[in-house]
>>> print(open('upload21.tsv').read())   # TSV, N, CA and C atoms and all ligand atoms
chain	number	residue	atom	x	y	z
A	1	MET	N	48.18	-27.90	10.82
A	1	MET	CA	48.34	-29.18	10.11
A	1	MET	C	49.43	-29.06	9.06
A	2	THR	N	50.51	-29.79	9.23
A	2	THR	CA	51.61	-29.71	8.27
A	2	THR	C	51.99	-31.10	7.77
A	3	GLY	N	52.78	-31.13	6.70
A	3	GLY	CA	53.30	-32.38	6.17
A	3	GLY	C	52.22	-33.36	5.82
A	4	ALA	N	52.50	-34.65	6.05
A	4	ALA	CA	51.55	-35.71	5.68
A	4	ALA	C	50.49	-35.89	6.75
A	5	ALA	N	50.67	-35.30	7.91
A	5	ALA	CA	49.75	-35.53	9.04
A	5	ALA	C	48.33	-35.11	8.69
A	6	TRP	N	48.20	-34.08	7.86
A	6	TRP	CA	46.85	-33.60	7.56
A	6	TRP	C	46.02	-34.66	6.85
A	7	ARG	N	46.69	-35.53	6.09
A	7	ARG	CA	45.93	-36.56	5.38
A	7	ARG	C	45.26	-37.52	6.37
A	8	GLN	N	46.02	-37.97	7.34
A	8	GLN	CA	45.45	-38.90	8.32
A	8	GLN	C	44.35	-38.21	9.13
A	9	GLU	N	44.58	-36.95	9.45
A	9	GLU	CA	43.58	-36.20	10.21
A	9	GLU	C	42.28	-36.04	9.42
A	10	LEU	N	42.45	-35.77	8.13
A	10	LEU	CA	41.27	-35.58	7.27
A	10	LEU	C	40.51	-36.91	7.10
A	11	VAL	N	41.24	-37.98	6.91
A	11	VAL	CA	40.60	-39.30	6.76
A	11	VAL	C	39.84	-39.66	8.03
A	12	ALA	N	40.47	-39.47	9.18
A	12	ALA	CA	39.81	-39.81	10.45
A	12	ALA	C	38.57	-38.94	10.66
A	13	ALA	N	38.66	-37.68	10.30
A	13	ALA	CA	37.52	-36.77	10.48
A	13	ALA	C	36.36	-37.14	9.55
A	14	ALA	N	36.69	-37.58	8.34
A	14	ALA	CA	35.63	-38.00	7.39
A	14	ALA	C	34.94	-39.26	7.89
A	15	LEU	N	35.71	-40.20	8.39
A	15	LEU	CA	35.11	-41.43	8.93
A	15	LEU	C	34.20	-41.10	10.11
A	16	ALA	N	34.65	-40.21	10.98
A	16	ALA	CA	33.86	-39.84	12.16
A	16	ALA	C	32.60	-39.07	11.76
A	17	ALA	N	32.70	-38.25	10.72
A	17	ALA	CA	31.57	-37.40	10.30
A	17	ALA	C	30.39	-38.22	9.80
A	18	ARG	N	30.63	-39.47	9.43
A	18	ARG	CA	29.52	-40.33	8.99
A	18	ARG	C	28.46	-40.46	10.08
A	19	GLU	N	28.89	-40.32	11.32
A	19	GLU	CA	27.96	-40.43	12.45
A	19	GLU	C	26.87	-39.37	12.40
A	20	GLN	N	27.16	-38.24	11.76
A	20	GLN	CA	26.20	-37.14	11.71
A	20	GLN	C	25.25	-37.25	10.53
A	21	ALA	N	25.40	-38.29	9.71
A	21	ALA	CA	24.52	-38.43	8.54
A	21	ALA	C	23.06	-38.63	8.97
A	22	TYR	N	22.17	-38.05	8.18
A	22	TYR	CA	20.73	-38.31	8.33
A	22	TYR	C	20.33	-39.04	7.05
A	23	ALA	N	20.31	-40.36	7.11
A	23	ALA	CA	20.13	-41.16	5.89
A	23	ALA	C	19.12	-42.29	6.10
A	24	PRO	N	17.89	-41.95	6.51
A	24	PRO	CA	16.91	-43.01	6.80
A	24	PRO	C	16.39	-43.70	5.53
A	25	TYR	N	16.58	-43.09	4.37
A	25	TYR	CA	16.01	-43.64	3.14
A	25	TYR	C	16.98	-44.57	2.42
A	26	SER	N	18.23	-44.13	2.24
A	26	SER	CA	19.20	-44.97	1.53
A	26	SER	C	20.02	-45.84	2.47
A	27	GLY	N	20.18	-45.40	3.70
A	27	GLY	CA	21.07	-46.12	4.62
A	27	GLY	C	22.54	-45.87	4.32
A	28	ILE	N	22.82	-45.05	3.32
A	28	ILE	CA	24.21	-44.74	2.96
A	28	ILE	C	24.65	-43.52	3.77
A	29	ARG	N	25.63	-43.75	4.62
A	29	ARG	CA	26.11	-42.67	5.50
A	29	ARG	C	27.45	-42.19	4.96
A	30	VAL	N	27.46	-40.94	4.51
A	30	VAL	CA	28.67	-40.35	3.93
A	30	VAL	C	29.19	-39.27	4.87
A	31	GLY	N	30.49	-39.26	5.06
A	31	GLY	CA	31.15	-38.22	5.87
A	31	GLY	C	32.21	-37.53	5.04
A	32	ALA	N	32.34	-36.23	5.20
A	32	ALA	CA	33.36	-35.47	4.47
A	32	ALA	C	34.12	-34.58	5.44
A	33	ALA	N	35.40	-34.38	5.15
A	33	ALA	CA	36.22	-33.45	5.94
A	33	ALA	C	37.04	-32.62	4.96
A	34	LEU	N	36.88	-31.32	5.07
A	34	LEU	CA	37.45	-30.37	4.12
A	34	LEU	C	38.51	-29.51	4.80
A	35	LEU	N	39.68	-29.43	4.17
A	35	LEU	CA	40.78	-28.61	4.69
A	35	LEU	C	40.89	-27.35	3.84
A	36	THR	N	40.97	-26.19	4.50
A	36	THR	CA	41.10	-24.93	3.77
A	36	THR	C	42.50	-24.36	3.92
A	37	ARG	N	42.82	-23.36	3.09
A	37	ARG	CA	44.16	-22.77	3.06
A	37	ARG	C	44.57	-22.22	4.43
A	38	GLU	N	43.58	-21.79	5.21
A	38	GLU	CA	43.88	-21.26	6.55
A	38	GLU	C	44.25	-22.36	7.54
A	39	GLY	N	44.11	-23.63	7.11
A	39	GLY	CA	44.38	-24.75	8.02
A	39	GLY	C	43.17	-25.15	8.82
A	40	ARG	N	42.00	-24.65	8.41
A	40	ARG	CA	40.78	-25.01	9.13
A	40	ARG	C	40.14	-26.24	8.52
A	41	LEU	N	39.46	-27.00	9.36
A	41	LEU	CA	38.84	-28.24	8.94
A	41	LEU	C	37.32	-28.13	9.15
A	42	PHE	N	36.58	-28.44	8.10
A	42	PHE	CA	35.12	-28.40	8.16
A	42	PHE	C	34.59	-29.79	7.79
A	43	THR	N	33.66	-30.27	8.59
A	43	THR	CA	33.09	-31.59	8.29
A	43	THR	C	31.68	-31.44	7.74
A	44	GLY	N	31.21	-32.51	7.09
A	44	GLY	CA	29.84	-32.55	6.59
A	44	GLY	C	29.37	-33.99	6.53
A	45	ALA	N	28.06	-34.15	6.48
A	45	ALA	CA	27.47	-35.48	6.30
A	45	ALA	C	26.22	-35.31	5.45
A	46	ASN	N	25.80	-36.38	4.80
A	46	ASN	CA	24.62	-36.27	3.93
A	46	ASN	C	23.35	-36.11	4.76
A	47	VAL	N	22.46	-35.28	4.24
A	47	VAL	CA	21.19	-35.00	4.90
A	47	VAL	C	20.09	-35.30	3.89
A	48	GLU	N	19.38	-36.41	4.13
A	48	GLU	CA	18.35	-36.84	3.19
A	48	GLU	C	17.01	-36.17	3.51
A	49	ASN	N	16.07	-36.34	2.58
A	49	ASN	CA	14.76	-35.73	2.73
A	49	ASN	C	13.71	-36.70	2.19
A	50	ALA	N	12.51	-36.63	2.75
A	50	ALA	CA	11.42	-37.50	2.31
A	50	ALA	C	11.14	-37.32	0.82
A	51	SER	N	11.46	-36.16	0.28
A	51	SER	CA	11.26	-35.91	-1.15
A	51	SER	C	12.38	-36.52	-2.00
A	52	TYR	N	13.35	-37.11	-1.34
A	52	TYR	CA	14.52	-37.72	-2.00
A	52	TYR	C	15.37	-36.68	-2.74
A	53	GLY	N	14.76	-35.98	-3.68
A	53	GLY	CA	15.52	-35.08	-4.55
A	53	GLY	C	16.15	-33.91	-3.82
A	54	LEU	N	15.66	-33.59	-2.64
A	54	LEU	CA	16.22	-32.46	-1.89
A	54	LEU	C	17.37	-32.89	-0.98
A	55	THR	N	17.77	-34.13	-1.08
A	55	THR	CA	18.92	-34.63	-0.31
A	55	THR	C	20.16	-33.79	-0.61
A	56	ILE	N	20.95	-33.54	0.43
A	56	ILE	CA	22.19	-32.78	0.29
A	56	ILE	C	23.36	-33.72	0.60
A	57	CYS	N	24.36	-33.71	-0.27
A	57	CYS	CA	25.54	-34.56	-0.09
A	57	CYS	C	26.46	-34.03	1.01
A	58	ALA	N	27.22	-34.95	1.58
A	58	ALA	CA	28.16	-34.61	2.65
A	58	ALA	C	29.19	-33.57	2.20
A	59	GLU	N	29.68	-33.71	0.98
A	59	GLU	CA	30.73	-32.81	0.49
A	59	GLU	C	30.22	-31.38	0.38
A	60	ARG	N	28.99	-31.23	-0.08
A	60	ARG	CA	28.45	-29.87	-0.24
A	60	ARG	C	28.09	-29.26	1.10
A	61	VAL	N	27.71	-30.09	2.07
A	61	VAL	CA	27.51	-29.57	3.43
A	61	VAL	C	28.83	-28.99	3.94
A	62	ALA	N	29.91	-29.73	3.79
A	62	ALA	CA	31.23	-29.24	4.25
A	62	ALA	C	31.62	-27.98	3.49
A	63	ALA	N	31.35	-27.96	2.19
A	63	ALA	CA	31.73	-26.80	1.37
A	63	ALA	C	30.99	-25.53	1.81
A	64	VAL	N	29.69	-25.63	2.03
A	64	VAL	CA	28.95	-24.43	2.40
A	64	VAL	C	29.27	-23.99	3.83
A	65	LYS	N	29.62	-24.93	4.68
A	65	LYS	CA	30.06	-24.54	6.02
A	65	LYS	C	31.36	-23.73	5.93
A	66	ALA	N	32.28	-24.17	5.09
A	66	ALA	CA	33.56	-23.46	4.94
A	66	ALA	C	33.34	-22.07	4.35
A	67	VAL	N	32.59	-22.00	3.28
A	67	VAL	CA	32.40	-20.71	2.59
A	67	VAL	C	31.68	-19.72	3.50
A	68	THR	N	30.70	-20.19	4.26
A	68	THR	CA	29.95	-19.28	5.12
A	68	THR	C	30.71	-18.95	6.40
A	69	ALA	N	31.86	-19.60	6.58
A	69	ALA	CA	32.77	-19.20	7.68
A	69	ALA	C	33.89	-18.31	7.13
A	70	GLY	N	33.79	-17.98	5.84
A	70	GLY	CA	34.76	-17.06	5.25
A	70	GLY	C	35.96	-17.76	4.61
A	71	CYS	N	35.92	-19.09	4.50
A	71	CYS	CA	37.05	-19.84	3.95
A	71	CYS	C	36.71	-20.31	2.54
A	72	ARG	N	37.31	-19.67	1.56
A	72	ARG	CA	36.95	-19.90	0.16
A	72	ARG	C	38.07	-20.52	-0.66
A	73	ASP	N	39.10	-21.01	0.01
A	73	ASP	CA	40.24	-21.59	-0.70
A	73	ASP	C	40.45	-23.01	-0.19
A	74	PHE	N	39.95	-23.97	-0.95
A	74	PHE	CA	39.96	-25.36	-0.51
A	74	PHE	C	41.27	-26.05	-0.92
A	75	VAL	N	41.85	-26.78	0.01
A	75	VAL	CA	43.10	-27.52	-0.22
A	75	VAL	C	42.83	-29.00	-0.50
A	76	ALA	N	41.97	-29.60	0.30
A	76	ALA	CA	41.71	-31.04	0.15
A	76	ALA	C	40.40	-31.40	0.84
A	77	ILE	N	39.81	-32.52	0.36
A	77	ILE	CA	38.63	-33.06	1.03
A	77	ILE	C	38.80	-34.58	1.11
A	78	ALA	N	38.40	-35.14	2.24
A	78	ALA	CA	38.34	-36.60	2.37
A	78	ALA	C	36.87	-36.99	2.44
A	79	VAL	N	36.52	-38.09	1.76
A	79	VAL	CA	35.13	-38.54	1.71
A	79	VAL	C	35.08	-40.02	2.06
A	80	ALA	N	34.23	-40.35	3.04
A	80	ALA	CA	34.13	-41.74	3.50
A	80	ALA	C	32.67	-42.15	3.56
A	81	TRP	N	32.42	-43.45	3.51
A	81	TRP	CA	31.06	-43.93	3.64
A	81	TRP	C	31.03	-45.26	4.38
A	82	ASN	N	29.85	-45.84	4.48
A	82	ASN	CA	29.69	-47.09	5.22
A	82	ASN	C	29.50	-48.29	4.29
A	83	ARG	N	29.99	-48.15	3.05
A	83	ARG	CA	29.88	-49.23	2.08
A	83	ARG	C	31.25	-49.76	1.69
A	84	GLU	N	31.26	-50.87	0.94
A	84	GLU	CA	32.51	-51.41	0.39
A	84	GLU	C	33.05	-50.46	-0.69
A	85	GLY	N	34.34	-50.43	-0.84
A	85	GLY	CA	34.96	-49.66	-1.91
A	85	GLY	C	35.16	-48.20	-1.54
A	86	PHE	N	35.72	-47.46	-2.48
A	86	PHE	CA	36.04	-46.06	-2.24
A	86	PHE	C	34.84	-45.17	-2.51
A	87	CYS	N	34.73	-44.12	-1.75
A	87	CYS	CA	33.60	-43.21	-1.88
A	87	CYS	C	34.00	-42.00	-2.73
A	88	TYR	N	33.55	-41.98	-3.96
A	88	TYR	CA	33.85	-40.87	-4.87
A	88	TYR	C	32.73	-39.84	-4.86
A	89	PRO	N	33.06	-38.55	-4.84
A	89	PRO	CA	32.02	-37.52	-4.87
A	89	PRO	C	31.20	-37.58	-6.17
A	90	CYS	N	29.93	-37.27	-6.08
A	90	CYS	CA	29.08	-37.22	-7.26
A	90	CYS	C	29.47	-36.02	-8.13
A	91	GLY	N	28.92	-35.97	-9.32
A	91	GLY	CA	29.26	-34.90	-10.26
A	91	GLY	C	28.91	-33.51	-9.75
A	92	ALA	N	27.76	-33.39	-9.08
A	92	ALA	CA	27.36	-32.08	-8.55
A	92	ALA	C	28.37	-31.59	-7.52
A	93	CYS	N	28.82	-32.48	-6.66
A	93	CYS	CA	29.80	-32.09	-5.64
A	93	CYS	C	31.13	-31.72	-6.27
A	94	ARG	N	31.56	-32.45	-7.28
A	94	ARG	CA	32.82	-32.12	-7.96
A	94	ARG	C	32.77	-30.69	-8.50
A	95	GLN	N	31.65	-30.34	-9.10
A	95	GLN	CA	31.51	-29.00	-9.68
A	95	GLN	C	31.53	-27.92	-8.59
A	96	VAL	N	30.84	-28.16	-7.49
A	96	VAL	CA	30.80	-27.17	-6.40
A	96	VAL	C	32.18	-27.03	-5.76
A	97	LEU	N	32.88	-28.13	-5.58
A	97	LEU	CA	34.24	-28.08	-5.00
A	97	LEU	C	35.19	-27.32	-5.92
A	98	TYR	N	35.01	-27.50	-7.22
A	98	TYR	CA	35.90	-26.85	-8.20
A	98	TYR	C	35.85	-25.34	-8.10
A	99	GLU	N	34.70	-24.81	-7.73
A	99	GLU	CA	34.53	-23.35	-7.61
A	99	GLU	C	35.53	-22.75	-6.61
A	100	PHE	N	35.80	-23.47	-5.53
A	100	PHE	CA	36.64	-22.95	-4.45
A	100	PHE	C	37.97	-23.69	-4.31
A	101	GLY	N	38.20	-24.72	-5.16
A	101	GLY	CA	39.46	-25.46	-5.04
A	101	GLY	C	39.85	-26.17	-6.31
A	102	PRO	N	40.06	-25.43	-7.39
A	102	PRO	CA	40.40	-26.10	-8.66
A	102	PRO	C	41.66	-26.96	-8.55
A	103	GLN	N	42.54	-26.62	-7.65
A	103	GLN	CA	43.78	-27.39	-7.48
A	103	GLN	C	43.71	-28.40	-6.33
A	104	MET	N	42.55	-28.56	-5.77
A	104	MET	CA	42.48	-29.35	-4.54
A	104	MET	C	42.65	-30.85	-4.77
A	105	ARG	N	42.96	-31.54	-3.70
A	105	ARG	CA	43.11	-32.99	-3.68
A	105	ARG	C	41.85	-33.62	-3.11
A	106	VAL	N	41.53	-34.80	-3.58
A	106	VAL	CA	40.36	-35.53	-3.11
A	106	VAL	C	40.81	-36.89	-2.59
A	107	LEU	N	40.59	-37.12	-1.32
A	107	LEU	CA	40.94	-38.40	-0.70
A	107	LEU	C	39.67	-39.24	-0.60
A	108	VAL	N	39.63	-40.31	-1.36
A	108	VAL	CA	38.46	-41.19	-1.33
A	108	VAL	C	38.78	-42.34	-0.38
A	109	VAL	N	37.89	-42.52	0.59
A	109	VAL	CA	38.21	-43.37	1.74
A	109	VAL	C	37.29	-44.58	1.79
A	110	GLU	N	37.88	-45.72	2.07
A	110	GLU	CA	37.11	-46.95	2.31
A	110	GLU	C	36.71	-46.98	3.77
A	111	ALA	N	35.71	-47.80	4.08
A	111	ALA	CA	35.26	-47.93	5.47
A	111	ALA	C	36.40	-48.41	6.37
A	112	SER	N	37.36	-49.14	5.80
A	112	SER	CA	38.51	-49.64	6.57
A	112	SER	C	39.49	-48.53	6.94
A	113	GLY	N	39.37	-47.39	6.26
A	113	GLY	CA	40.30	-46.28	6.48
A	113	GLY	C	41.36	-46.18	5.40
A	114	ASP	N	41.47	-47.21	4.55
A	114	ASP	CA	42.38	-47.10	3.41
A	114	ASP	C	41.86	-46.01	2.47
A	115	TYR	N	42.77	-45.32	1.82
A	115	TYR	CA	42.30	-44.26	0.92
A	115	TYR	C	43.18	-44.15	-0.31
A	116	ARG	N	42.62	-43.53	-1.32
A	116	ARG	CA	43.34	-43.15	-2.54
A	116	ARG	C	43.28	-41.65	-2.65
A	117	GLU	N	44.32	-41.08	-3.24
A	117	GLU	CA	44.33	-39.63	-3.42
A	117	GLU	C	44.25	-39.29	-4.91
A	118	GLU	N	43.36	-38.39	-5.23
A	118	GLU	CA	43.16	-37.96	-6.62
A	118	GLU	C	43.24	-36.43	-6.67
A	119	ALA	N	43.52	-35.93	-7.86
A	119	ALA	CA	43.39	-34.48	-8.08
A	119	ALA	C	41.95	-34.23	-8.51
A	120	LEU	N	41.34	-33.16	-8.00
A	120	LEU	CA	39.96	-32.86	-8.41
A	120	LEU	C	39.88	-32.73	-9.94
A	121	VAL	N	40.87	-32.11	-10.55
A	121	VAL	CA	40.83	-31.91	-12.00
A	121	VAL	C	40.82	-33.24	-12.77
A	122	ALA	N	41.36	-34.28	-12.16
A	122	ALA	CA	41.34	-35.60	-12.81
A	122	ALA	C	39.93	-36.20	-12.74
A	123	LEU	N	39.17	-35.80	-11.72
A	123	LEU	CA	37.80	-36.30	-11.56
A	123	LEU	C	36.80	-35.45	-12.34
A	124	LEU	N	37.24	-34.24	-12.73
A	124	LEU	CA	36.35	-33.31	-13.43
A	124	LEU	C	37.10	-32.68	-14.60
A	125	PRO	N	37.39	-33.47	-15.62
A	125	PRO	CA	38.16	-32.92	-16.75
A	125	PRO	C	37.36	-31.87	-17.53
A	126	HIS	N	38.08	-30.92	-18.11
A	126	HIS	CA	37.45	-29.85	-18.91
A	126	HIS	C	36.37	-29.15	-18.08
A	127	ALA	N	36.70	-28.85	-16.85
A	127	ALA	CA	35.73	-28.27	-15.93
A	127	ALA	C	35.25	-26.89	-16.37
A	128	PHE	N	34.03	-26.58	-16.00
A	128	PHE	CA	33.47	-25.25	-16.22
A	128	PHE	C	33.78	-24.43	-14.99
A	129	GLY	N	34.63	-23.40	-15.15
A	129	GLY	CA	35.03	-22.61	-13.99
A	129	GLY	C	34.96	-21.12	-14.25
A	130	LYS	N	35.34	-20.36	-13.24
A	130	LYS	CA	35.26	-18.90	-13.34
A	130	LYS	C	36.42	-18.33	-14.11
A	201	LIG	O1	28.74	-37.26	-3.54
A	201	LIG	C1	27.88	-37.83	-2.85
A	201	LIG	C2	26.95	-38.73	-3.39
A	201	LIG	C3	25.95	-39.22	-2.57
A	201	LIG	N1	25.88	-38.84	-1.27
A	201	LIG	C4	24.77	-39.31	-0.43
A	201	LIG	C5	23.47	-38.67	-0.79
A	201	LIG	C6	22.46	-39.71	-0.41
A	201	LIG	O2	22.03	-39.49	0.93
A	201	LIG	C7	23.22	-41.02	-0.47
A	201	LIG	C8	22.82	-41.87	-1.65
A	201	LIG	O3	22.96	-41.16	-2.84
A	201	LIG	O4	24.59	-40.70	-0.58
A	201	LIG	C9	26.79	-37.98	-0.72
A	201	LIG	O5	26.71	-37.62	0.44
A	201	LIG	N2	27.78	-37.52	-1.53
A	202	ZN	ZN	27.43	-35.21	-4.16
>>> encode(input="upload21.tsv", output="structure tokens", more="lines below")
Ligand SMILES: O=c1ccn([C@H]2C[C@H](O)[C@@H](CO)O2)c(=O)[nH]1
Ligand SMILES: [Zn+2]
Amino acid sequence: MTGAAWRQELVAAALAAREQAYAPYSGIRVGAALLTREGRLFTGANVENASYGLTICAERVAAVKAVTAGCRDFVAIAVAWNREGFCYPCGACRQVLYEFGPQMRVLVVEASGDYREEALVALLPHAFGK
């Protein structure tokens, strides 16, 4: 993945990953697609639980898949959902992403496929890091 093409690929993968969401409680289907320094792409979707509090966000699913595949250097993540407006990662996800990608880009995607690009550091100012 080179040049600008990776952005479109990441956005498309995040939109598609929503299909894998398990969200019977909220109905909010979130998809994430994470690009690592090696050029590998990892997807994730939210996995809810009857206890509610044990729900896992799409972004953290993608992050743990990457790390457990040996990829610890995150370049960018795209996040999409099935609601109006842009899908921004929650605070917990921002912190977990920061551990492996302090310089990474975050593409927040609308259901239409339009997206905005942010720097993770802009979403998590004065971050607590290693
Ligand atoms: O960063 C976030 C925030 C929320 N969700 C999911 C969790 C839950 O299933 C639903 C509503 O919070 O959205 C994510 O996947 N990522
Ligand atoms: Zn989250």
>>> residues_near_ligand(input="upload21.tsv", ligand="ligand ZN 202 (chain A)", cutoff="6.5 Å", atoms="only N, CA and C atoms and all ligand atoms", output="PyMOL selection string")
chain A and resi 56-60+89-94
>>> write_last_selection(input="upload21.tsv", atoms="N, CA and C atoms", output="compact mmCIF listing (two decimals), in the coordinates of the input")
# COMPACT_ATOMS: atom_id res chain seq x y z
N ILE A 56 20.95 -33.54 0.43
CA ILE A 56 22.19 -32.78 0.29
C ILE A 56 23.36 -33.72 0.60
N CYS A 57 24.36 -33.71 -0.27
CA CYS A 57 25.54 -34.56 -0.09
C CYS A 57 26.46 -34.03 1.01
N ALA A 58 27.22 -34.95 1.58
CA ALA A 58 28.16 -34.61 2.65
C ALA A 58 29.19 -33.57 2.20
N GLU A 59 29.68 -33.71 0.98
CA GLU A 59 30.73 -32.81 0.49
C GLU A 59 30.22 -31.38 0.38
N ARG A 60 28.99 -31.23 -0.08
CA ARG A 60 28.45 -29.87 -0.24
C ARG A 60 28.09 -29.26 1.10
N PRO A 89 33.06 -38.55 -4.84
CA PRO A 89 32.02 -37.52 -4.87
C PRO A 89 31.20 -37.58 -6.17
N CYS A 90 29.93 -37.27 -6.08
CA CYS A 90 29.08 -37.22 -7.26
C CYS A 90 29.47 -36.02 -8.13
N GLY A 91 28.92 -35.97 -9.32
CA GLY A 91 29.26 -34.90 -10.26
C GLY A 91 28.91 -33.51 -9.75
N ALA A 92 27.76 -33.39 -9.08
CA ALA A 92 27.36 -32.08 -8.55
C ALA A 92 28.37 -31.59 -7.52
N CYS A 93 28.82 -32.48 -6.66
CA CYS A 93 29.80 -32.09 -5.64
C CYS A 93 31.13 -31.72 -6.27
N ARG A 94 31.56 -32.45 -7.28
CA ARG A 94 32.82 -32.12 -7.96
C ARG A 94 32.77 -30.69 -8.50
>>> axis_aligned_box(input="upload21.tsv", around="segment 37-51 of chain A", padding_each_side="6 Å", output="JSON")
{"center_x": 27.9, "center_y": -29.4, "center_z": 3.7, "size_x": 45.4, "size_y": 28.2, "size_z": 23.4}
>>> select_by_dssp(input="upload21.tsv", residues="segment 1-86 of chain A", states="strand (DSSP E or B)", output="PyMOL selection string")
chain A and resi 22+30-36+41-45+47+56+74-81
>>> write_last_selection(input="upload21.tsv", atoms="N, CA and C atoms", output="short mmCIF file (atom, residue, chain, number, x, y, z; two decimals), in the frame of the given file")
data_model
loop_
_atom_site.label_atom_id
_atom_site.label_comp_id
_atom_site.auth_asym_id
_atom_site.auth_seq_id
_atom_site.Cartn_x
_atom_site.Cartn_y
_atom_site.Cartn_z
N TYR A 22 22.17 -38.05 8.18
CA TYR A 22 20.73 -38.31 8.33
C TYR A 22 20.33 -39.04 7.05
N VAL A 30 27.46 -40.94 4.51
CA VAL A 30 28.67 -40.35 3.93
C VAL A 30 29.19 -39.27 4.87
N GLY A 31 30.49 -39.26 5.06
CA GLY A 31 31.15 -38.22 5.87
C GLY A 31 32.21 -37.53 5.04
N ALA A 32 32.34 -36.23 5.20
CA ALA A 32 33.36 -35.47 4.47
C ALA A 32 34.12 -34.58 5.44
N ALA A 33 35.40 -34.38 5.15
CA ALA A 33 36.22 -33.45 5.94
C ALA A 33 37.04 -32.62 4.96
N LEU A 34 36.88 -31.32 5.07
CA LEU A 34 37.45 -30.37 4.12
C LEU A 34 38.51 -29.51 4.80
N LEU A 35 39.68 -29.43 4.17
CA LEU A 35 40.78 -28.61 4.69
C LEU A 35 40.89 -27.35 3.84
N THR A 36 40.97 -26.19 4.50
CA THR A 36 41.10 -24.93 3.77
C THR A 36 42.50 -24.36 3.92
N LEU A 41 39.46 -27.00 9.36
CA LEU A 41 38.84 -28.24 8.94
C LEU A 41 37.32 -28.13 9.15
N PHE A 42 36.58 -28.44 8.10
CA PHE A 42 35.12 -28.40 8.16
C PHE A 42 34.59 -29.79 7.79
N THR A 43 33.66 -30.27 8.59
CA THR A 43 33.09 -31.59 8.29
C THR A 43 31.68 -31.44 7.74
N GLY A 44 31.21 -32.51 7.09
CA GLY A 44 29.84 -32.55 6.59
C GLY A 44 29.37 -33.99 6.53
N ALA A 45 28.06 -34.15 6.48
CA ALA A 45 27.47 -35.48 6.30
C ALA A 45 26.22 -35.31 5.45
N VAL A 47 22.46 -35.28 4.24
CA VAL A 47 21.19 -35.00 4.90
C VAL A 47 20.09 -35.30 3.89
N ILE A 56 20.95 -33.54 0.43
CA ILE A 56 22.19 -32.78 0.29
C ILE A 56 23.36 -33.72 0.60
N PHE A 74 39.95 -23.97 -0.95
CA PHE A 74 39.96 -25.36 -0.51
C PHE A 74 41.27 -26.05 -0.92
N VAL A 75 41.85 -26.78 0.01
CA VAL A 75 43.10 -27.52 -0.22
C VAL A 75 42.83 -29.00 -0.50
N ALA A 76 41.97 -29.60 0.30
CA ALA A 76 41.71 -31.04 0.15
C ALA A 76 40.40 -31.40 0.84
N ILE A 77 39.81 -32.52 0.36
CA ILE A 77 38.63 -33.06 1.03
C ILE A 77 38.80 -34.58 1.11
N ALA A 78 38.40 -35.14 2.24
CA ALA A 78 38.34 -36.60 2.37
C ALA A 78 36.87 -36.99 2.44
N VAL A 79 36.52 -38.09 1.76
CA VAL A 79 35.13 -38.54 1.71
C VAL A 79 35.08 -40.02 2.06
N ALA A 80 34.23 -40.35 3.04
CA ALA A 80 34.13 -41.74 3.50
C ALA A 80 32.67 -42.15 3.56
N TRP A 81 32.42 -43.45 3.51
CA TRP A 81 31.06 -43.93 3.64
C TRP A 81 31.03 -45.26 4.38
#
>>> select_by_dssp(input="upload21.tsv", residues="chain A", states="helix (DSSP H, G or I)", output="ChimeraX atom specification")
/A:5-20,58-67,91-100,120-123
>>> closest_residue(input="upload21.tsv", among="A:Gly53, A:Gly101, A:Leu107, A:Ala78", to="Ala32 of chain A", atoms="all atoms listed in the file")
A:Ala78
>>> residues_around(input="upload21.tsv", residues="Gly44 of chain A", least_positions_apart="5", cutoff="8 Å", atoms="all atoms listed in the file", output="list in words")
Ala13, Ala14, Ala16, Ala17, Arg18, Glu19, Gln20, Ala21, Val30, Gly31, Ala32, Ala33, Leu34, Cys57, Ala58, Glu59, Arg60, Val61, Ala62, Ala63 and Lys65 of chain A
>>> closest_residue(input="upload21.tsv", among="A:Asp73, A:Leu35, A:Leu15, A:Gly27", to="Gly113 of chain A", atoms="all atoms listed in the file")
A:Leu15
